[in-house]
$ cat final.txt   # compact mmCIF, C-alpha atoms
# COMPACT_ATOMS: atom_id res chain seq x y z
CA MET W 1372 78.95 20.85 126.29
CA ASP W 1373 82.56 21.31 125.36
CA SER W 1374 82.70 17.90 123.79
CA LEU W 1375 79.49 18.63 121.84
CA LYS W 1376 80.87 21.96 120.67
CA GLY W 1377 84.08 20.23 119.69
CA LYS W 1378 82.14 17.58 117.80
CA GLY W 1379 80.04 20.23 116.05
CA LYS W 1380 83.16 22.09 114.94
CA GLY W 1381 84.77 18.86 113.87
CA SER W 1382 81.79 17.81 111.71
CA LYS W 1383 81.51 21.29 110.15
CA GLY W 1384 85.21 21.15 109.27
CA ALA W 1385 84.76 17.69 107.76
CA SER W 1386 81.79 18.75 105.57
CA SER W 1387 83.52 21.89 104.15
CA SER W 1388 86.67 19.96 103.24
CA SER W 1389 84.59 17.14 101.78
CA LYS W 1390 82.69 19.68 99.61
CA LEU W 1391 86.00 20.88 98.17
CA ASP W 1392 87.08 17.28 97.74
CA LEU W 1393 83.80 16.49 96.00
CA VAL W 1394 84.29 19.39 93.58
CA LYS W 1395 87.88 18.30 92.92
CA GLU W 1396 86.81 14.70 92.41
CA TRP W 1397 83.98 15.75 90.09
CA THR W 1398 86.27 17.93 87.96
CA ASN W 1399 88.87 15.15 87.79
CA TRP W 1400 86.23 12.63 86.73
CA SER W 1401 84.81 14.95 84.07
CA LEU W 1402 88.27 15.81 82.74
CA LYS W 1403 89.13 12.12 82.46
CA LYS W 1404 85.89 11.42 80.59
CA ALA W 1405 86.50 14.45 78.35
CA LYS W 1406 89.99 13.21 77.56
CA VAL W 1407 88.73 9.76 76.60
CA ALA W 1408 85.90 11.27 74.53
CA THR W 1409 88.33 13.55 72.69
CA HIS W 1410 90.79 10.73 72.13
CA TYR W 1411 88.21 8.49 70.49
CA GLY W 1412 85.93 11.07 68.98
CA PHE W 1413 88.09 13.87 67.54
CA ILE W 1414 88.96 12.26 64.23
CA PRO W 1415 85.38 10.94 63.70
CA LEU W 1416 84.15 14.46 64.48
CA ILE W 1417 86.36 15.95 61.78
CA ILE W 1418 85.23 13.28 59.32
CA VAL W 1419 81.54 13.91 60.08
CA ILE W 1420 81.93 17.68 59.75
CA GLY W 1421 83.92 17.23 56.55
CA MET W 1422 81.49 14.79 54.94
CA ASN W 1423 78.63 17.20 55.61
CA SER W 1424 80.30 20.26 54.13
CA ASP W 1425 79.56 21.57 50.64
CA PRO W 1426 80.02 19.99 48.10
CA LYS W 1427 79.23 16.71 49.79
CA PRO W 1428 81.88 14.09 49.05
CA HIS W 1429 80.96 10.46 48.58
CA LEU W 1430 81.70 7.71 51.05
CA PHE W 1431 83.62 5.99 48.25
CA GLN W 1432 85.99 8.98 48.07
CA LEU W 1433 86.65 8.65 51.77
CA LEU W 1434 87.63 5.01 51.61
CA SER W 1435 89.41 4.67 48.28
CA PRO W 1436 93.17 5.21 48.18
CA VAL W 1437 93.23 7.23 44.96
CA MET Z 1447 117.71 45.56 77.82
CA ALA Z 1448 120.64 47.20 76.00
CA ASP Z 1449 119.86 45.07 72.97
CA LEU Z 1450 116.72 47.13 72.42
CA LEU Z 1451 118.65 50.37 71.85
CA PRO Z 1452 120.38 49.65 68.50
CA PRO Z 1453 117.09 49.04 66.61
CA LEU Z 1454 115.70 52.36 67.85
CA GLY Z 1455 118.86 54.11 66.66
CA THR Z 1456 118.42 52.84 63.11
CA ALA Z 1457 114.75 53.89 63.22
CA GLN Z 1458 115.75 57.52 63.73
CA THR Z 1459 118.12 57.63 60.76
CA ASP Z 1460 115.58 55.92 58.52
CA GLY Z 1461 112.95 58.52 59.48
CA LYS Z 1462 115.24 61.42 58.61
CA THR Z 1463 116.38 60.10 55.26
CA LYS Z 1464 112.86 59.24 53.99
CA VAL Z 1465 110.60 61.78 52.27
CA ASP Z 1466 107.97 63.50 54.45
CA GLU Z 1467 106.55 60.37 55.99
CA LYS Z 1468 104.42 61.36 58.91
CA VAL Z 1469 103.71 58.66 61.40
CA ASP Z 1470 100.03 58.39 62.17
CA TYR Z 1471 100.17 57.09 65.72
CA SER Z 1472 96.45 56.51 65.88
CA ASN Z 1473 96.52 54.17 62.92
CA LEU Z 1474 99.28 51.70 63.56
CA PRO Z 1475 99.23 48.26 62.00
CA CYS Z 1476 98.38 45.21 64.03
CA PRO Z 1477 101.52 43.51 65.26
CA VAL Z 1478 102.64 39.96 64.61
CA PRO Z 1479 101.39 37.44 67.20
CA TYR Z 1480 103.76 37.09 70.15
CA GLU Z 1481 104.68 33.49 69.48
CA GLU Z 1482 105.42 34.30 65.84
CA LEU Z 1483 107.72 37.16 66.70
CA HIS Z 1484 110.72 35.50 65.12
CA ARG Z 1485 108.93 33.61 62.35
CA GLU Z 1486 111.23 34.73 59.55
CA ALA Z 1487 114.25 33.56 61.50
CA ILE Z 1488 112.59 30.24 62.32
CA MET Z 1489 111.97 29.55 58.64
CA SER Z 1490 115.69 29.63 57.87
CA LEU Z 1491 117.23 28.50 61.10
CA LYS Z 1492 114.85 25.93 62.47
CA ALA Z 1493 113.88 23.99 59.39
CA ASP Z 1494 112.47 20.56 60.24
CA ASN Z 1495 115.35 18.26 59.45
CA PHE Z 1496 114.43 14.62 59.77
CA GLU Z 1497 116.18 11.29 59.61
CA GLY Z 1498 115.07 8.30 57.60
CA LEU Z 1499 112.24 7.96 55.15
CA ARG Z 1500 109.20 10.17 55.10
CA PHE Z 1501 106.25 9.72 52.81
CA ASP Z 1502 103.18 11.97 53.00
CA PHE Z 1503 100.13 11.49 50.90
CA SER Z 1504 97.29 13.91 51.18
CA LYS Z 1505 94.02 13.55 49.41
CA GLY Z 1506 91.52 16.34 49.19
CA LEU Z 1507 87.92 15.29 49.11
CA ASN Z 1508 86.55 18.76 49.09
CA GLN Z 1509 87.71 22.37 49.14
CA LYS Z 1510 87.63 22.26 52.90
CA PHE Z 1511 88.12 18.64 53.87
CA SER Z 1512 91.16 16.43 53.27
CA LEU Z 1513 92.67 13.25 54.58
CA SER Z 1514 96.36 12.52 54.91
CA HIS Z 1515 98.40 9.37 55.28
CA SER Z 1516 102.03 9.53 56.43
CA VAL Z 1517 104.64 6.86 56.78
CA MET Z 1518 107.84 7.55 58.67
CA MET Z 1519 110.66 5.06 59.08
CA GLY Z 1520 113.85 5.92 60.80
CA PRO Z 1521 115.74 6.14 64.03
CA THR Z 1522 114.25 8.29 66.75
CA GLU Z 1523 116.42 9.72 69.46
CA VAL Z 1524 116.06 8.72 73.05
CA PRO Z 1525 117.51 10.96 75.75
CA SER Z 1526 120.66 9.40 77.15
CA GLN Z 1527 122.57 9.86 80.39
CA SER Z 1528 125.74 11.35 79.01
CA PRO Z 1529 125.46 14.35 76.72
CA ASP Z 1530 128.12 12.99 74.38
CA THR Z 1531 126.35 9.89 73.14
CA THR Z 1532 122.95 9.68 71.54
CA ILE Z 1533 120.83 6.56 71.62
CA LYS Z 1534 118.73 5.89 68.58
CA ILE Z 1535 115.98 3.36 68.29
CA PRO Z 1536 114.70 2.48 64.83
CA THR Z 1537 110.96 2.92 64.60
CA ALA Z 1538 108.39 2.92 61.86
CA HIS Z 1539 104.96 4.37 62.12
CA TYR Z 1540 101.94 5.28 60.10
CA GLU Z 1541 99.88 8.33 60.84
CA PHE Z 1542 96.37 9.02 59.65
CA GLY Z 1543 95.21 12.59 59.53
CA ALA Z 1544 92.04 14.50 58.80
CA ASN Z 1545 91.88 18.25 58.18
CA TYR Z 1546 88.96 20.58 57.90
CA PHE Z 1547 89.63 24.17 56.85
CA ASP Z 1548 86.90 26.76 57.00
CA PRO Z 1549 87.33 30.54 57.21
CA LYS Z 1550 85.94 30.35 60.72
CA LEU Z 1551 86.95 26.91 61.95
CA MET Z 1552 90.02 24.83 61.42
CA LEU Z 1553 90.35 21.28 62.73
CA ILE Z 1554 93.45 19.16 62.32
CA GLY Z 1555 93.75 15.69 63.77
CA ARG Z 1556 96.56 13.17 63.47
CA LEU Z 1557 96.39 9.67 64.85
CA MET Z 1558 99.43 7.37 65.03
CA THR Z 1559 99.56 3.62 65.15
CA ASP Z 1560 100.59 3.66 68.81
CA GLY Z 1561 97.39 5.47 69.74
CA ARG Z 1562 98.74 8.99 70.08
CA LEU Z 1563 96.40 11.72 68.93
CA ASN Z 1564 97.62 15.15 67.99
CA ALA Z 1565 94.70 17.57 67.76
CA ARG Z 1566 94.59 21.24 66.80
CA VAL Z 1567 91.55 23.44 66.74
CA LYS Z 1568 91.31 27.07 65.70
CA ALA Z 1569 87.93 28.71 65.95
CA ASP Z 1570 86.98 32.35 65.34
CA LEU Z 1571 84.58 33.03 68.15
CA THR Z 1572 83.98 36.63 67.11
CA ASP Z 1573 85.64 39.00 64.67
CA ARG Z 1574 88.48 39.69 67.06
CA LEU Z 1575 88.55 36.76 69.46
CA VAL Z 1576 90.10 33.49 68.36
CA LEU Z 1577 90.21 30.26 70.34
CA LYS Z 1578 93.10 27.91 69.63
CA ALA Z 1579 93.41 24.53 71.26
CA ASN Z 1580 96.25 22.08 70.93
CA GLY Z 1581 96.47 18.65 72.47
CA GLN Z 1582 98.59 15.52 72.46
CA LEU Z 1583 96.63 12.65 73.94
CA THR Z 1584 98.19 9.29 74.64
CA ASN Z 1585 97.05 6.02 76.06
CA GLU Z 1586 99.60 6.17 78.83
CA PRO Z 1587 98.26 7.91 81.90
CA HIS Z 1588 99.66 11.33 82.82
CA MET Z 1589 101.45 11.74 79.51
CA SER Z 1590 98.85 13.84 77.72
CA HIS Z 1591 99.02 17.58 77.33
CA ALA Z 1592 96.48 20.13 76.24
CA MET Z 1593 96.70 23.87 75.84
CA PHE Z 1594 93.96 26.40 75.18
CA ASN Z 1595 94.71 29.91 73.92
CA PHE Z 1596 92.32 32.81 73.70
CA ASP Z 1597 93.65 35.51 71.37
CA TYR Z 1598 92.20 38.95 71.19
CA MET Z 1599 93.23 41.13 68.29
CA GLY Z 1600 92.87 44.85 68.86
CA SER Z 1601 93.56 47.63 66.36
CA ASP Z 1602 97.26 47.89 67.13
CA TYR Z 1603 97.77 45.29 69.82
CA ARG Z 1604 97.25 41.62 70.52
CA ALA Z 1605 96.57 39.96 73.83
CA GLN Z 1606 96.56 36.24 74.54
CA LEU Z 1607 95.58 34.11 77.49
CA GLN Z 1608 96.89 30.54 77.71
CA LEU Z 1609 95.57 27.75 79.86
CA GLY Z 1610 97.26 24.39 79.93
CA ASN Z 1611 96.82 21.14 81.74
CA SER Z 1612 98.67 20.59 85.02
CA ALA Z 1613 97.78 24.18 85.98
CA LEU Z 1614 99.68 26.26 83.47
CA ILE Z 1615 98.50 29.82 82.96
CA GLY Z 1616 100.15 32.35 80.72
CA ALA Z 1617 99.38 35.69 79.17
CA THR Z 1618 101.12 37.63 76.43
CA TYR Z 1619 100.64 41.12 75.12
CA ILE Z 1620 102.20 42.83 72.15
CA GLN Z 1621 101.71 46.42 71.04
CA SER Z 1622 102.76 48.33 67.93
CA VAL Z 1623 104.68 51.37 69.08
CA THR Z 1624 105.65 52.76 65.69
CA PRO Z 1625 104.76 51.35 62.25
CA ARG Z 1626 107.94 49.32 62.42
CA LEU Z 1627 108.60 48.63 66.08
CA SER Z 1628 106.46 46.47 68.32
CA LEU Z 1629 107.10 45.64 71.94
CA GLY Z 1630 105.58 42.88 73.96
CA GLY Z 1631 105.74 40.95 77.17
CA GLU Z 1632 104.61 37.67 78.66
CA VAL Z 1633 103.99 36.18 82.09
CA PHE Z 1634 103.37 32.57 82.94
CA TRP Z 1635 102.75 30.50 86.03
CA ALA Z 1636 103.23 26.74 86.05
CA GLY Z 1637 101.58 24.81 88.85
CA VAL Z 1638 103.46 21.54 88.82
CA PRO Z 1639 107.03 22.77 89.12
CA ARG Z 1640 105.97 25.85 91.02
CA LYS Z 1641 107.59 28.34 88.72
CA SER Z 1642 106.55 31.63 87.31
CA GLY Z 1643 108.27 33.67 84.69
CA ILE Z 1644 108.15 36.95 82.91
CA GLY Z 1645 109.62 37.91 79.57
CA TYR Z 1646 109.90 40.86 77.21
CA ALA Z 1647 110.28 40.99 73.47
CA ALA Z 1648 110.82 43.58 70.79
CA ARG Z 1649 110.56 43.36 67.03
CA TYR Z 1650 111.68 45.87 64.46
CA ASP Z 1651 110.92 45.19 60.83
CA THR Z 1652 111.25 46.98 57.52
CA ASP Z 1653 110.76 45.71 53.99
CA LYS Z 1654 114.29 44.42 53.89
CA MET Z 1655 115.06 43.24 57.38
CA VAL Z 1656 113.59 42.01 60.61
CA ALA Z 1657 115.35 42.20 63.97
CA THR Z 1658 113.92 40.73 67.15
CA ALA Z 1659 115.12 40.40 70.71
CA GLN Z 1660 113.68 38.44 73.64
CA VAL Z 1661 114.60 38.33 77.31
CA ALA Z 1662 112.95 35.97 79.79
CA SER Z 1663 113.31 35.29 83.49
CA THR Z 1664 113.88 31.61 82.67
CA GLY Z 1665 117.34 32.82 81.74
CA THR Z 1666 117.16 33.01 77.97
CA ILE Z 1667 118.26 35.99 75.96
CA ALA Z 1668 117.69 35.53 72.24
CA MET Z 1669 118.33 37.92 69.41
CA ASN Z 1670 117.93 37.34 65.75
CA TYR Z 1671 118.28 39.27 62.54
CA VAL Z 1672 116.97 38.40 59.08
CA GLN Z 1673 117.97 40.27 55.96
CA LYS Z 1674 115.98 39.81 52.79
CA ILE Z 1675 118.53 40.18 50.02
CA SER Z 1676 116.04 39.69 47.21
CA ASP Z 1677 112.74 37.93 46.58
CA LYS Z 1678 114.56 34.66 46.36
CA VAL Z 1679 117.27 34.91 48.98
CA SER Z 1680 117.21 35.73 52.65
CA LEU Z 1681 119.91 35.34 55.26
CA ALA Z 1682 119.36 34.97 58.97
CA THR Z 1683 121.46 34.95 62.08
CA ASP Z 1684 120.60 34.09 65.62
CA PHE Z 1685 122.23 34.39 69.03
CA ALA Z 1686 120.88 32.67 72.13
CA TYR Z 1687 122.38 32.93 75.60
CA ASN Z 1688 121.08 31.42 78.80
CA TYR Z 1689 122.49 33.30 81.76
CA LEU Z 1690 121.43 30.66 84.27
CA SER Z 1691 122.92 27.63 82.57
CA ARG Z 1692 125.63 29.57 80.70
CA ASP Z 1693 124.77 28.07 77.32
CA VAL Z 1694 125.60 30.05 74.24
CA VAL Z 1695 124.61 29.24 70.68
CA ALA Z 1696 125.04 31.37 67.60
CA SER Z 1697 123.91 30.32 64.16
CA VAL Z 1698 123.85 31.66 60.63
CA GLY Z 1699 121.47 30.41 57.99
CA TYR Z 1700 120.12 31.01 54.53
CA ASP Z 1701 116.87 30.45 52.69
CA TYR Z 1702 116.82 30.30 48.89
CA ILE Z 1703 113.35 30.18 47.34
CA LEU Z 1704 113.77 29.24 43.72
CA ARG Z 1705 111.18 28.45 41.10
CA GLN Z 1706 111.17 24.70 41.49
CA SER Z 1707 112.89 24.23 44.81
CA ARG Z 1708 113.64 25.68 48.19
CA VAL Z 1709 116.94 25.20 49.99
CA ARG Z 1710 117.46 26.14 53.60
CA GLY Z 1711 120.67 25.62 55.49
CA LYS Z 1712 122.39 26.72 58.63
CA ILE Z 1713 125.60 26.37 60.53
CA ASP Z 1714 125.89 26.54 64.28
CA SER Z 1715 128.49 27.36 66.90
CA ASN Z 1716 127.89 23.86 68.34
CA GLY Z 1717 129.44 22.42 65.21
CA VAL Z 1718 126.13 21.50 63.58
CA ALA Z 1719 125.66 22.10 59.87
CA SER Z 1720 122.31 21.25 58.36
CA ALA Z 1721 120.39 21.71 55.14
CA LEU Z 1722 116.96 20.90 53.80
CA LEU Z 1723 116.03 20.76 50.12
CA GLU Z 1724 112.43 20.70 48.92
CA GLU Z 1725 112.12 20.16 45.20
CA ARG Z 1726 108.93 20.26 43.22
CA LEU Z 1727 109.20 17.43 40.74
CA SER Z 1728 105.82 18.09 39.20
CA MET Z 1729 102.44 19.45 40.25
CA GLY Z 1730 101.69 18.14 43.69
CA LEU Z 1731 104.83 15.97 43.93
CA ASN Z 1732 107.57 17.23 46.23
CA PHE Z 1733 110.87 15.58 46.96
CA LEU Z 1734 112.65 16.27 50.25
CA LEU Z 1735 116.29 15.77 51.18
CA SER Z 1736 117.54 16.56 54.65
CA ALA Z 1737 121.02 16.40 56.15
CA GLU Z 1738 122.29 17.32 59.58
CA LEU Z 1739 125.93 16.88 60.56
CA ASP Z 1740 126.81 17.27 64.20
CA HIS Z 1741 130.58 17.31 64.23
CA LYS Z 1742 130.92 17.70 67.97
CA LYS Z 1743 128.81 14.66 68.85
CA LYS Z 1744 129.72 12.81 65.67
CA ASP Z 1745 126.04 12.30 64.84
CA TYR Z 1746 125.17 12.39 61.15
CA LYS Z 1747 121.57 12.32 60.06
CA PHE Z 1748 120.29 12.00 56.53
CA GLY Z 1749 116.73 11.76 55.40
CA PHE Z 1750 114.74 11.65 52.23
CA GLY Z 1751 111.07 11.90 51.58
CA LEU Z 1752 108.29 12.37 49.12
CA THR Z 1753 105.13 14.44 49.54
CA VAL Z 1754 102.18 13.83 47.29
CA GLY Z 1755 99.26 16.21 47.18
$ encode --input "final.txt" --output "structure tokens"
Amino acid sequence: MDSLKGKGKGSKGASSSSKLDLVKEWTNWSLKKAKVATHYGFIPLIIVIGMNSDPKPHLFQLLSPV
Amino acid sequence: MADLLPPLGTAQTDGKTKVDEKVDYSNLPCPVPYEELHREAIMSLKADNFEGLRFDFSKGLNQKFSLSHSVMMGPTEVPSQSPDTTIKIPTAHYEFGANYFDPKLMLIGRLMTDGRLNARVKADLTDRLVLKANGQLTNEPHMSHAMFNFDYMGSDYRAQLQLGNSALIGATYIQSVTPRLSLGGEVFWAGVPRKSGIGYAARYDTDKMVATAQVASTGTIAMNYVQKISDKVSLATDFAYNYLSRDVVASVGYDYILRQSRVRGKIDSNGVASALLEERLSMGLNFLLSAELDHKKKDYKFGFGLTVG
């Protein structure tokens, strides 16, 4: 009985710490993905928002150096 | 906190000598944001001197949208072991930028050739709440930073909450106490070096002068004073003392805003004299000359640049 109780406590302890670890892991993963998305997508986002604002500039104006 | 007393003293004499000016304490102006407390002093004393060549070209496609191309060539400083020598490595880079300015949303992005992205976002969430985000993202792991600020602007106060990566939390609050005096404080807690700090600041401004003082538990005590001599000339002086590391710096600077040019210069108690000249050659064409002489370290930096658009 004591060993079963001990095992029960042990497994409960393991699951609560693994929940916290899961949440930490999930936030780390999502932050990493958000960082990569921002790194690649921020400038294109500004360009898309800018090209759709009024008055709409031409694609030629975006690419030409003048 | 003794540095706060002199400004209050001058406030009393000003009040007595003026004509019946009643202070309406329920209608005080909104104070300057906490991080811009010493903005007039920064304009004269912390001008961005650079070394080497700088060329900025900015092209507006729209009222709100513009692209910018920058080329910078010159030595960049690398921190060295001994404080007497500086190590400089010549670098050249090109930076592409895109800006979008809207009354409610501002987006600024700059991307360098080595993959570093510098992003700034300012969004008005409501009439009084502004979200500002600032990030430097790099390809190297663990070298990126990001900071998010939520600013709330009340009728005569401003409050700000800051959240940064690697568990940095800060809050600042500044309140107008009289039409000329505003007092504020800040607290921050940094997770990685487990440090927390608290600081206080005061700002007293009139039409002709601005005086600010800041004390922080990180050991810095900074006071500065700016006097506006005329529309074109203003003089500034600054005193910074760190009571933990026993560093003292005092500097005096000037800012001349002329019709076609702007000259800013300063001299330091560390033996550094610097100046920056911005000259408007014609509409949209600006010429920059920068010089910084560090007599103590024998480090002389000169730079020139051109800004188009």
$ closest_atom_pairs --input "final.txt" --of "chain Z" --to "chain W" --cutoff "7 Å" --atoms "all atoms listed in the file" --output "CSV"
residue,atom,partner,partner_atom,distance
Z:Leu1507,CA,W:Pro1428,CA,6.2
Z:Asn1508,CA,W:Pro1428,CA,6.6
Z:Phe1511,CA,W:Gly1421,CA,5.2
Z:Ala1544,CA,W:Ile1417,CA,6.6
Z:Asn1545,CA,W:Ile1417,CA,7.0
Z:Tyr1546,CA,W:Gly1421,CA,6.2
Z:Leu1553,CA,W:Ile1417,CA,6.7
Z:Gly1555,CA,W:Ile1414,CA,5.9
Z:Leu1563,CA,W:His1410,CA,6.5
Z:Leu1583,CA,W:His1410,CA,6.4
$ atom_distance --input "final.txt" --atom1 "atom CA of Z:Tyr1480" --atom2 "atom CA of Z:Phe1547"
23.3 Å
$ atom_distance --input "final.txt" --atom1 "atom CA of Z:Phe1596" --atom2 "atom CA of Z:Leu1575"
6.9 Å
$ atom_distance --input "final.txt" --atom1 "atom CA of Z:Leu1704" --atom2 "atom CA of Z:Lys1678"
6.1 Å
$ residues_near_point --input "final.txt" --point "(117.8, 39.5, 63.0)" --cutoff "8 Å" --atoms "only C-alpha atoms" --output "number ranges by chain"
Z: 1487, 1655-1658, 1669-1673, 1682-1684
$ residues_around --input "final.txt" --residues "stretch 1629-1646 of chain Z" --least-positions-apart "3" --cutoff "7 Å" --atoms "only C-alpha atoms" --output "list in words"
Ser1612, Ala1613, Leu1614, Ile1615, Gly1616, Ala1617, Thr1618, Tyr1619, Ile1620, Gln1621, Ser1622, Val1623, Arg1649, Gln1660, Val1661, Ala1662, Ser1663 and Thr1664 of chain Z
$ closest_residue --input "final.txt" --among "Z:Leu1577, Z:Leu1752, Z:Met1489, Z:Ala1668" --to "Z:Tyr1598" --atoms "all atoms listed in the file"
Z:Leu1577
$ residues_around --input "final.txt" --residues "stretch 1514-1525 of chain Z" --least-positions-apart "5" --cutoff "10 Å" --atoms "all atoms listed in the file" --output "ChimeraX atom specification"
/W:1436 /Z:1496-1506,1531-1545,1555-1558,1747-1749,1751,1753-1755
$ residues_near_point --input "final.txt" --point "(100.3, 12.5, 72.4)" --cutoff "6 Å" --atoms "only C-alpha atoms" --output "list in words"
Arg1562, Leu1563, Asn1564, Gln1582, Leu1583, Thr1584 and Ser1590 of chain Z
$ closest_residue --input "final.txt" --among "Z:Arg1626, Z:Lys1654, Z:Arg1574, Z:His1588" --to "Z:Ser1601" --atoms "all atoms listed in the file"
Z:Arg1574
$ closest_residue --input "final.txt" --among "Z:Glu1481, Z:Asp1548, Z:Glu1486, Z:Asp1494" --to "Z:Leu1723" --atoms "all atoms listed in the file"
Z:Asp1494
$ closest_residue --input "final.txt" --among "Z:Leu1722, Z:Ala1592, Z:Val1695, Z:Leu1609" --to "W:Ala1405" --atoms "only C-alpha atoms"
Z:Ala1592
$ closest_residue --input "final.txt" --among "Z:Arg1604, Z:Phe1594, Z:Arg1692, Z:Asn1585" --to "W:Lys1403" --atoms "only C-alpha atoms"
Z:Asn1585
$ decode --input "final.txt" --residues "stretch 1414-1428 of chain W" --atoms "N, CA, C and O atoms" --output "PDB file, in the first residue's frame"
ATOM      1  N   ILE W1414       9.213  43.409 -43.276  1.00  0.00           N
ATOM      2  CA  ILE W1414       9.366  44.340 -44.405  1.00  0.00           C
ATOM      3  C   ILE W1414       8.330  44.067 -45.500  1.00  0.00           C
ATOM      4  O   ILE W1414       7.706  45.004 -45.999  1.00  0.00           O
ATOM      5  N   PRO W1415       8.098  42.791 -45.911  1.00  0.00           N
ATOM      6  CA  PRO W1415       6.999  42.565 -46.873  1.00  0.00           C
ATOM      7  C   PRO W1415       5.664  43.073 -46.363  1.00  0.00           C
ATOM      8  O   PRO W1415       4.861  43.591 -47.141  1.00  0.00           O
ATOM      9  N   LEU W1416       5.410  42.968 -45.055  1.00  0.00           N
ATOM     10  CA  LEU W1416       4.151  43.477 -44.518  1.00  0.00           C
ATOM     11  C   LEU W1416       4.035  44.975 -44.721  1.00  0.00           C
ATOM     12  O   LEU W1416       2.989  45.485 -45.144  1.00  0.00           O
ATOM     13  N   ILE W1417       5.117  45.706 -44.436  1.00  0.00           N
ATOM     14  CA  ILE W1417       5.074  47.159 -44.630  1.00  0.00           C
ATOM     15  C   ILE W1417       4.851  47.478 -46.096  1.00  0.00           C
ATOM     16  O   ILE W1417       4.084  48.385 -46.435  1.00  0.00           O
ATOM     17  N   ILE W1418       5.515  46.725 -46.984  1.00  0.00           N
ATOM     18  CA  ILE W1418       5.377  47.005 -48.421  1.00  0.00           C
ATOM     19  C   ILE W1418       3.949  46.732 -48.866  1.00  0.00           C
ATOM     20  O   ILE W1418       3.356  47.528 -49.598  1.00  0.00           O
ATOM     21  N   VAL W1419       3.346  45.642 -48.393  1.00  0.00           N
ATOM     22  CA  VAL W1419       1.970  45.332 -48.792  1.00  0.00           C
ATOM     23  C   VAL W1419       1.014  46.401 -48.282  1.00  0.00           C
ATOM     24  O   VAL W1419       0.159  46.899 -49.021  1.00  0.00           O
ATOM     25  N   ILE W1420       1.173  46.799 -47.010  1.00  0.00           N
ATOM     26  CA  ILE W1420       0.289  47.834 -46.470  1.00  0.00           C
ATOM     27  C   ILE W1420       0.495  49.146 -47.219  1.00  0.00           C
ATOM     28  O   ILE W1420      -0.460  49.863 -47.527  1.00  0.00           O
ATOM     29  N   GLY W1421       1.751  49.460 -47.549  1.00  0.00           N
ATOM     30  CA  GLY W1421       2.026  50.703 -48.249  1.00  0.00           C
ATOM     31  C   GLY W1421       1.487  50.718 -49.666  1.00  0.00           C
ATOM     32  O   GLY W1421       0.928  51.712 -50.119  1.00  0.00           O
ATOM     33  N   MET W1422       1.627  49.584 -50.372  1.00  0.00           N
ATOM     34  CA  MET W1422       1.159  49.540 -51.757  1.00  0.00           C
ATOM     35  C   MET W1422      -0.357  49.572 -51.832  1.00  0.00           C
ATOM     36  O   MET W1422      -0.906  49.867 -52.879  1.00  0.00           O
ATOM     37  N   ASN W1423      -1.044  49.240 -50.738  1.00  0.00           N
ATOM     38  CA  ASN W1423      -2.501  49.264 -50.757  1.00  0.00           C
ATOM     39  C   ASN W1423      -3.074  50.526 -50.166  1.00  0.00           C
ATOM     40  O   ASN W1423      -4.283  50.641 -50.001  1.00  0.00           O
ATOM     41  N   SER W1424      -2.221  51.496 -49.818  1.00  0.00           N
ATOM     42  CA  SER W1424      -2.779  52.712 -49.225  1.00  0.00           C
ATOM     43  C   SER W1424      -3.109  53.684 -50.340  1.00  0.00           C
ATOM     44  O   SER W1424      -2.633  53.560 -51.451  1.00  0.00           O
ATOM     45  N   ASP W1425      -3.907  54.718 -50.004  1.00  0.00           N
ATOM     46  CA  ASP W1425      -4.308  55.691 -51.033  1.00  0.00           C
ATOM     47  C   ASP W1425      -3.306  56.815 -51.137  1.00  0.00           C
ATOM     48  O   ASP W1425      -2.902  57.335 -50.097  1.00  0.00           O
ATOM     49  N   PRO W1426      -2.958  57.370 -52.290  1.00  0.00           N
ATOM     50  CA  PRO W1426      -3.238  56.842 -53.619  1.00  0.00           C
ATOM     51  C   PRO W1426      -2.304  55.693 -53.961  1.00  0.00           C
ATOM     52  O   PRO W1426      -1.137  55.715 -53.606  1.00  0.00           O
ATOM     53  N   LYS W1427      -2.851  54.686 -54.640  1.00  0.00           N
ATOM     54  CA  LYS W1427      -2.072  53.464 -54.841  1.00  0.00           C
ATOM     55  C   LYS W1427      -0.860  53.696 -55.733  1.00  0.00           C
ATOM     56  O   LYS W1427      -1.023  54.104 -56.869  1.00  0.00           O
ATOM     57  N   PRO W1428       0.353  53.440 -55.219  1.00  0.00           N
ATOM     58  CA  PRO W1428       1.511  53.592 -56.089  1.00  0.00           C
ATOM     59  C   PRO W1428       1.660  52.387 -57.026  1.00  0.00           C
ATOM     60  O   PRO W1428       1.144  51.316 -56.764  1.00  0.00           O
TER      61      PRO W1428
END
